[in-house]
Each structure stands twice: as C-alpha cells, then as structure tokens.
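*Asks:* What follows is input.pdb; its format and atoms are PDB, C-alpha atoms.
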```
MODEL        1
ATOM      1  CA  MET A   1     108.800 -10.344-106.584
ATOM      2  CA  PHE A   2     112.573 -10.019-106.234
ATOM      3  CA  GLU A   3     114.299  -7.039-107.777
ATOM      4  CA  ALA A   4     117.341  -7.681-109.946
ATOM      5  CA  ALA A   5     119.677  -5.951-107.511
ATOM      6  CA  THR A   6     118.670  -8.186-104.588
ATOM      7  CA  ILE A   7     119.349 -11.602-106.098
ATOM      8  CA  GLU A   8     122.784 -11.847-104.537
ATOM      9  CA  THR A   9     121.476 -11.340-101.021
ATOM     10  CA  ALA A  10     118.183 -13.192-101.478
ATOM     11  CA  ASP A  11     117.700 -16.941-101.400
ATOM     12  CA  LYS A  12     118.502 -18.037-104.965
ATOM     13  CA  ALA A  13     116.193 -21.051-104.920
ATOM     14  CA  GLU A  14     113.269 -18.800-104.022
ATOM     15  CA  PHE A  15     114.347 -16.217-106.592
ATOM     16  CA  TYR A  16     114.375 -18.838-109.356
ATOM     17  CA  ARG A  17     111.080 -20.328-108.139
ATOM     18  CA  GLN A  18     109.483 -16.915-108.525
ATOM     19  CA  LEU A  19     111.219 -16.303-111.858
ATOM     20  CA  ALA A  20     109.811 -19.624-113.102
ATOM     21  CA  GLN A  21     106.318 -18.557-111.999
ATOM     22  CA  GLN A  22     106.717 -15.222-113.792
ATOM     23  CA  THR A  23     107.924 -16.999-116.926
ATOM     24  CA  GLN A  24     104.974 -19.392-116.828
ATOM     25  CA  ALA A  25     102.594 -16.444-116.418
ATOM     26  CA  LEU A  26     104.127 -14.721-119.469
ATOM     27  CA  PHE A  27     103.499 -17.867-121.520
ATOM     28  CA  ASP A  28      99.937 -18.388-120.274
ATOM     29  CA  GLY A  29      97.741 -18.796-123.341
ATOM     30  CA  GLU A  30     100.579 -18.067-125.795
ATOM     31  CA  THR A  31     101.974 -20.875-127.926
ATOM     32  CA  ASP A  32     104.171 -18.937-130.338
ATOM     33  CA  MET A  33     107.785 -19.968-129.803
ATOM     34  CA  ILE A  34     109.280 -16.644-130.952
ATOM     35  CA  ALA A  35     106.949 -14.538-128.795
ATOM     36  CA  ASN A  36     107.704 -16.687-125.763
ATOM     37  CA  ALA A  37     111.465 -16.632-126.437
ATOM     38  CA  ALA A  38     111.319 -12.831-126.690
ATOM     39  CA  ASN A  39     109.464 -12.411-123.413
ATOM     40  CA  MET A  40     111.656 -14.924-121.595
ATOM     41  CA  SER A  41     114.843 -13.223-122.820
ATOM     42  CA  ALA A  42     113.558  -9.824-121.696
ATOM     43  CA  LEU A  43     112.515 -11.153-118.275
ATOM     44  CA  ILE A  44     115.874 -12.850-117.675
ATOM     45  CA  TYR A  45     117.780  -9.748-118.777
ATOM     46  CA  GLN A  46     115.654  -7.531-116.542
ATOM     47  CA  MET A  47     115.771  -9.732-113.445
ATOM     48  CA  LEU A  48     119.298 -11.169-113.341
ATOM     49  CA  PRO A  49     122.023  -8.738-112.322
ATOM     50  CA  ASP A  50     125.359  -8.442-114.097
ATOM     51  CA  LEU A  51     124.271  -9.632-117.547
ATOM     52  CA  ASN A  52     125.321  -8.071-120.815
ATOM     53  CA  TRP A  53     123.413 -10.552-122.999
ATOM     54  CA  ALA A  54     120.477 -12.938-122.593
ATOM     55  CA  GLY A  55     118.809 -14.771-125.398
ATOM     56  CA  VAL A  56     117.883 -17.859-127.336
ATOM     57  CA  TYR A  57     119.549 -19.605-130.249
ATOM     58  CA  LEU A  58     117.376 -22.071-132.169
ATOM     59  CA  LEU A  59     118.719 -25.202-133.825
ATOM     60  CA  LYS A  60     118.206 -25.193-137.601
ATOM     61  CA  GLY A  61     119.852 -28.154-139.294
ATOM     62  CA  ASP A  62     123.502 -28.292-138.248
ATOM     63  CA  GLN A  63     123.731 -24.804-136.775
ATOM     64  CA  LEU A  64     122.261 -22.538-134.140
ATOM     65  CA  VAL A  65     120.489 -19.460-135.470
ATOM     66  CA  LEU A  66     120.041 -16.307-133.432
ATOM     67  CA  GLY A  67     116.605 -15.925-131.893
ATOM     68  CA  PRO A  68     115.130 -13.260-129.622
ATOM     69  CA  PHE A  69     117.617 -11.652-127.228
ATOM     70  CA  GLN A  70     118.467  -8.635-125.113
ATOM     71  CA  GLY A  71     121.893  -7.002-125.388
ATOM     72  CA  LYS A  72     124.318  -5.974-128.102
ATOM     73  CA  PRO A  73     124.060  -7.423-131.616
ATOM     74  CA  ALA A  74     125.190 -11.037-131.633
ATOM     75  CA  CYS A  75     126.605 -13.768-133.822
ATOM     76  CA  VAL A  76     123.826 -14.908-136.149
ATOM     77  CA  ARG A  77     124.875 -18.499-136.874
ATOM     78  CA  ILE A  78     126.917 -20.881-134.730
ATOM     79  CA  PRO A  79     127.891 -24.337-136.013
ATOM     80  CA  ILE A  80     127.291 -27.303-133.717
ATOM     81  CA  GLY A  81     130.466 -27.893-131.719
ATOM     82  CA  ARG A  82     131.749 -24.298-131.979
ATOM     83  CA  GLY A  83     131.877 -21.936-129.033
ATOM     84  CA  VAL A  84     130.040 -22.519-125.774
ATOM     85  CA  CYS A  85     126.608 -22.630-127.452
ATOM     86  CA  GLY A  86     127.666 -25.121-130.094
ATOM     87  CA  ALA A  87     129.444 -27.251-127.479
ATOM     88  CA  ALA A  88     126.300 -27.358-125.323
ATOM     89  CA  ILE A  89     124.315 -28.667-128.319
ATOM     90  CA  GLU A  90     126.997 -31.235-129.109
ATOM     91  CA  ARG A  91     127.193 -32.429-125.482
ATOM     92  CA  LYS A  92     123.423 -32.147-124.897
ATOM     93  CA  ALA A  93     124.286 -30.594-121.542
ATOM     94  CA  SER A  94     124.475 -27.211-119.864
ATOM     95  CA  ILE A  95     127.865 -25.524-119.778
ATOM     96  CA  LEU A  96     128.873 -23.024-117.108
ATOM     97  CA  VAL A  97     132.037 -21.106-118.017
ATOM     98  CA  GLU A  98     133.709 -19.028-115.310
ATOM     99  CA  ASP A  99     136.209 -17.445-117.729
ATOM    100  CA  VAL A 100     135.315 -17.433-121.419
ATOM    101  CA  HIS A 101     138.917 -16.634-122.351
ATOM    102  CA  ALA A 102     139.901 -20.049-120.996
ATOM    103  CA  PHE A 103     137.235 -21.899-123.017
ATOM    104  CA  PRO A 104     138.777 -23.370-126.197
ATOM    105  CA  GLY A 105     137.075 -21.980-129.282
ATOM    106  CA  HIS A 106     135.000 -19.372-127.453
ATOM    107  CA  ILE A 107     133.211 -17.096-129.917
ATOM    108  CA  ALA A 108     133.472 -13.500-128.720
ATOM    109  CA  CYS A 109     130.388 -11.655-129.963
ATOM    110  CA  ASP A 110     130.897  -9.038-127.223
ATOM    111  CA  ALA A 111     134.465  -8.480-126.041
ATOM    112  CA  ALA A 112     133.115  -7.386-122.640
ATOM    113  CA  SER A 113     131.806 -10.885-121.855
ATOM    114  CA  ARG A 114     133.846 -12.708-119.230
ATOM    115  CA  SER A 115     131.588 -15.590-118.118
ATOM    116  CA  GLU A 116     128.782 -17.537-119.765
ATOM    117  CA  LEU A 117     126.012 -20.007-119.026
ATOM    118  CA  VAL A 118     124.452 -22.003-121.858
ATOM    119  CA  VAL A 119     121.485 -24.304-121.252
ATOM    120  CA  PRO A 120     120.102 -26.607-123.967
ATOM    121  CA  ILE A 121     116.377 -26.565-124.640
ATOM    122  CA  PHE A 122     114.885 -30.032-125.074
ATOM    123  CA  GLN A 123     111.496 -31.106-126.396
ATOM    124  CA  GLY A 124     111.389 -34.738-125.397
ATOM    125  CA  LYS A 125     114.757 -36.134-126.475
ATOM    126  CA  GLU A 126     115.178 -33.565-129.262
ATOM    127  CA  THR A 127     117.425 -30.542-128.697
ATOM    128  CA  ILE A 128     115.785 -27.468-130.242
ATOM    129  CA  GLY A 129     118.115 -24.681-129.105
ATOM    130  CA  VAL A 130     119.840 -23.036-126.162
ATOM    131  CA  ILE A 131     119.369 -20.255-123.658
ATOM    132  CA  ASP A 132     122.591 -18.239-123.616
ATOM    133  CA  LEU A 133     123.567 -15.813-120.833
ATOM    134  CA  ASP A 134     126.724 -13.686-120.845
ATOM    135  CA  SER A 135     128.170 -11.526-118.109
ATOM    136  CA  PRO A 136     130.980  -8.973-118.003
ATOM    137  CA  ARG A 137     131.829 -10.350-114.530
ATOM    138  CA  PRO A 138     134.119 -13.399-114.251
ATOM    139  CA  SER A 139     132.553 -16.360-112.413
ATOM    140  CA  ARG A 140     129.126 -14.678-112.505
ATOM    141  CA  PHE A 141     127.196 -17.956-112.791
ATOM    142  CA  ASP A 142     127.028 -20.846-110.340
ATOM    143  CA  PRO A 143     125.206 -24.197-110.156
ATOM    144  CA  ASP A 144     122.130 -22.483-108.644
ATOM    145  CA  ASP A 145     121.909 -20.243-111.717
ATOM    146  CA  GLN A 146     122.307 -23.287-113.947
ATOM    147  CA  THR A 147     119.499 -25.160-112.178
ATOM    148  CA  GLY A 148     117.241 -22.106-112.319
ATOM    149  CA  ILE A 149     117.809 -21.486-116.035
ATOM    150  CA  GLU A 150     117.383 -25.202-116.789
ATOM    151  CA  ARG A 151     113.913 -24.926-115.220
ATOM    152  CA  LEU A 152     113.118 -21.941-117.459
ATOM    153  CA  ALA A 153     114.233 -23.983-120.492
ATOM    154  CA  GLU A 154     111.741 -26.713-119.486
ATOM    155  CA  ILE A 155     108.928 -24.202-119.111
ATOM    156  CA  PHE A 156     109.803 -22.617-122.452
ATOM    157  CA  ALA A 157     109.882 -25.958-124.292
ATOM    158  CA  ALA A 158     106.483 -26.910-122.866
ATOM    159  CA  SER A 159     104.918 -23.620-124.010
ATOM    160  CA  PHE A 160     104.558 -24.453-127.721
TER     161      PHE A 160
ENDMDL
END
```
Any chance you could put this one into structure tokens?

*Replies:*
Amino acid sequence: MFEAATIETADKAEFYRQLAQQTQALFDGETDMIANAANMSALIYQMLPDLNWAGVYLLKGDQLVLGPFQGKPACVRIPIGRGVCGAAIERKASILVEDVHAFPGHIACDAASRSELVVPIFQGKETIGVIDLDSPRPSRFDPDDQTGIERLAEIFAASF
C-alpha cells in the first residue's frame, strides 16, 4: 500500500489502482450509500496528500446536499449550476480547476482552498452526486487524479 506522502514520487496509475482496490474492499458486503460515502471520503482524505477537504455531495431535486466528508465544515446546499460542484452536475462531466479564484462563481467554503477536482457520480445515465476534493495548493490535481477519482466514483455507484 502506498503512503500518502509518497504519491508524488510513486507511479500514479499504480497508486490509484491500489486505492480502487482498497475502496472496493471497504465496500465489500456493505450496500448503505452513506456508510460507503463516509469510508470513501475518509480513505481519500487519508491517502491523497495536500487535501484540505474530501467528500460527497448527493443530488436531491435541483440541488446538491452535503454528504459524508473529511475537512472543515462545508456548504450544505449547492444549486445545480453554481460553483464547481453545481457546474459538474450541470455539465455531467468532471471539472479540474487549477485556481479556484479564476473559476466564475466559485463557492468558497474554505478560504484556504486554491484548487479543486469535482467528479460526478453516475448510476446508469442518472447523476446522483459528486465527489469533491479541495486543496490549499494551486494546480494540485491533474488528469491522472481525475481518472483515478472517476474510477472511485464508479466503484461507489456500484456499491448500493
């Protein structure tokens, strides 16, 4: 198993392969969405360096509602189309933001956040929420991180 501090020097594809295996193992035999979201958020927060927030927002009607997370208290409700999370739901696509201050309409729940990665969670063609990662480091996330977190979103959606 990779340690959080070694991800930058280790092969990222292998890191995310192992993280996906660990996530799948956490979900083994558990079908409760909230329990699995809580464990996944904790694992991501523990294993990825330079994060100040990792969690899940679940789609309820026309807004995202805060789900399990690790980090400082967060915005509870985000309308579709607002901020990075709401934009990801509207676009039905992941959004990688190198500098949140340059993203129009960014919602600053934690002023220390500088970059963000938001990945939609799909069950079939239905969007059910997002995985949201924030970092105090500008340009923290790259396409390898996006691909890795998209795989975790697939595993999560298949768990319940």

*Asks:* In Å, how far is it from CA of Gln70 in chain A to CA of Ile121 in chain A?

*Replies:* 18.1 Å

*Asks:* Set the distance at 9 Å and use all atoms listed in the file: which residues neighbour range 26-38 of chain A once local chain neighbours fewer than 3 positions away are removed? I'd like the list as a list in words.

*Replies:* Gln21, Gln22, Thr23, Ser41, Ala42, Leu43, Gly55, Val56, Gly67, Pro68, Phe69, Gln70, Ile155, Phe156, Ala157, Ser159 and Phe160 of chain A

*Asks:* Which residues match the PyMOL selection byres ((chain A and resi 153) around 9) in the file above, as a list in words?

*Replies:* Val119, Pro120, Ile121, Phe122, Val130, Ile131, Gly148, Ile149, Glu150, Arg151, Leu152, Glu154, Ile155, Phe156, Ala157 and Ala158 of chain A

*Asks:* To one decimal in Å, tell me the separation between CA of Phe15 in chain A and CA of Val97 in chain A.

*Replies:*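 Between CA of Phe15 in chain A and CA of Val97 in chain A the gap works out to 21.6 Å.
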
*Asks:* Take the PyMOL selection byres ((chain A and resi 116) around 10), apply it to the structure above, and return the hits as a list in words.

*Replies:*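 For this structure, the PyMOL selection byres ((chain A and resi 116) around 10) captures Leu51, Trp53, Ala54, Val84, Cys85, Ile95, Leu96, Val97, Glu98, Asp99, Val100, Ser113, Arg114, Ser115, Leu117, Val118, Asp132, Leu133, Asp134, Ser135, Pro136, Arg137, Pro138, Ser139, Arg140 and Phe141 of chain A.
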
*Asks:* Using the chain letters and residue numbers of this document, give as a ChimeraX atom specification the residues selected by the PyMOL selection byres ((chain A and resi 66) around 6).

*Replies:* /A:57,65,67,76

*Asks:* Using all atoms listed in the file, what residues lie at most 9 Å away from (114.7, -12.0, -114.6) (file coordinates), given as a list in words?

*Replies:*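 These residues have at least one counted atom within 9 Å: Phe2, Glu3, Ala4, Tyr16, Leu19, Gln22, Thr23, Met40, Ser41, Ala42, Leu43, Ile44, Tyr45, Gln46, Met47, Leu48 and Pro49 of chain A.
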
*Asks:* Find the residues near Gly86 in chain A: any atom within 8 Å, counting all atoms listed in the file, skip ones fewer than 6 places away on the same chain, and give them as a ChimeraX atom specification.

*Replies:* /A:63-64,78-80

*Asks:* When distances are computed from all atoms listed in the file, which of A:Gly61, A:Ala102, A:Asp110, A:Asn52 shows the smallest separation from Ala74 in chain A?

*Replies:*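 Comparing A:Gly61, A:Ala102, A:Asp110, A:Asn52 against Ala74 in chain A, the winner is A:Asp110.
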
*Asks:* Which distance in Å separates CA of Cys75 in chain A and CA of Ala88 in chain A, to one decimal?

*Replies:* 16.0 Å

*Asks:* Of the residues A:Gln18, A:Gln123, A:Ser94, A:Gln24, which is the one nearest to Leu59 in chain A, using all atoms listed in the file?

*Replies:*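 Looking at the shortest contact to Leu59 in chain A, the residue is A:Gln123.
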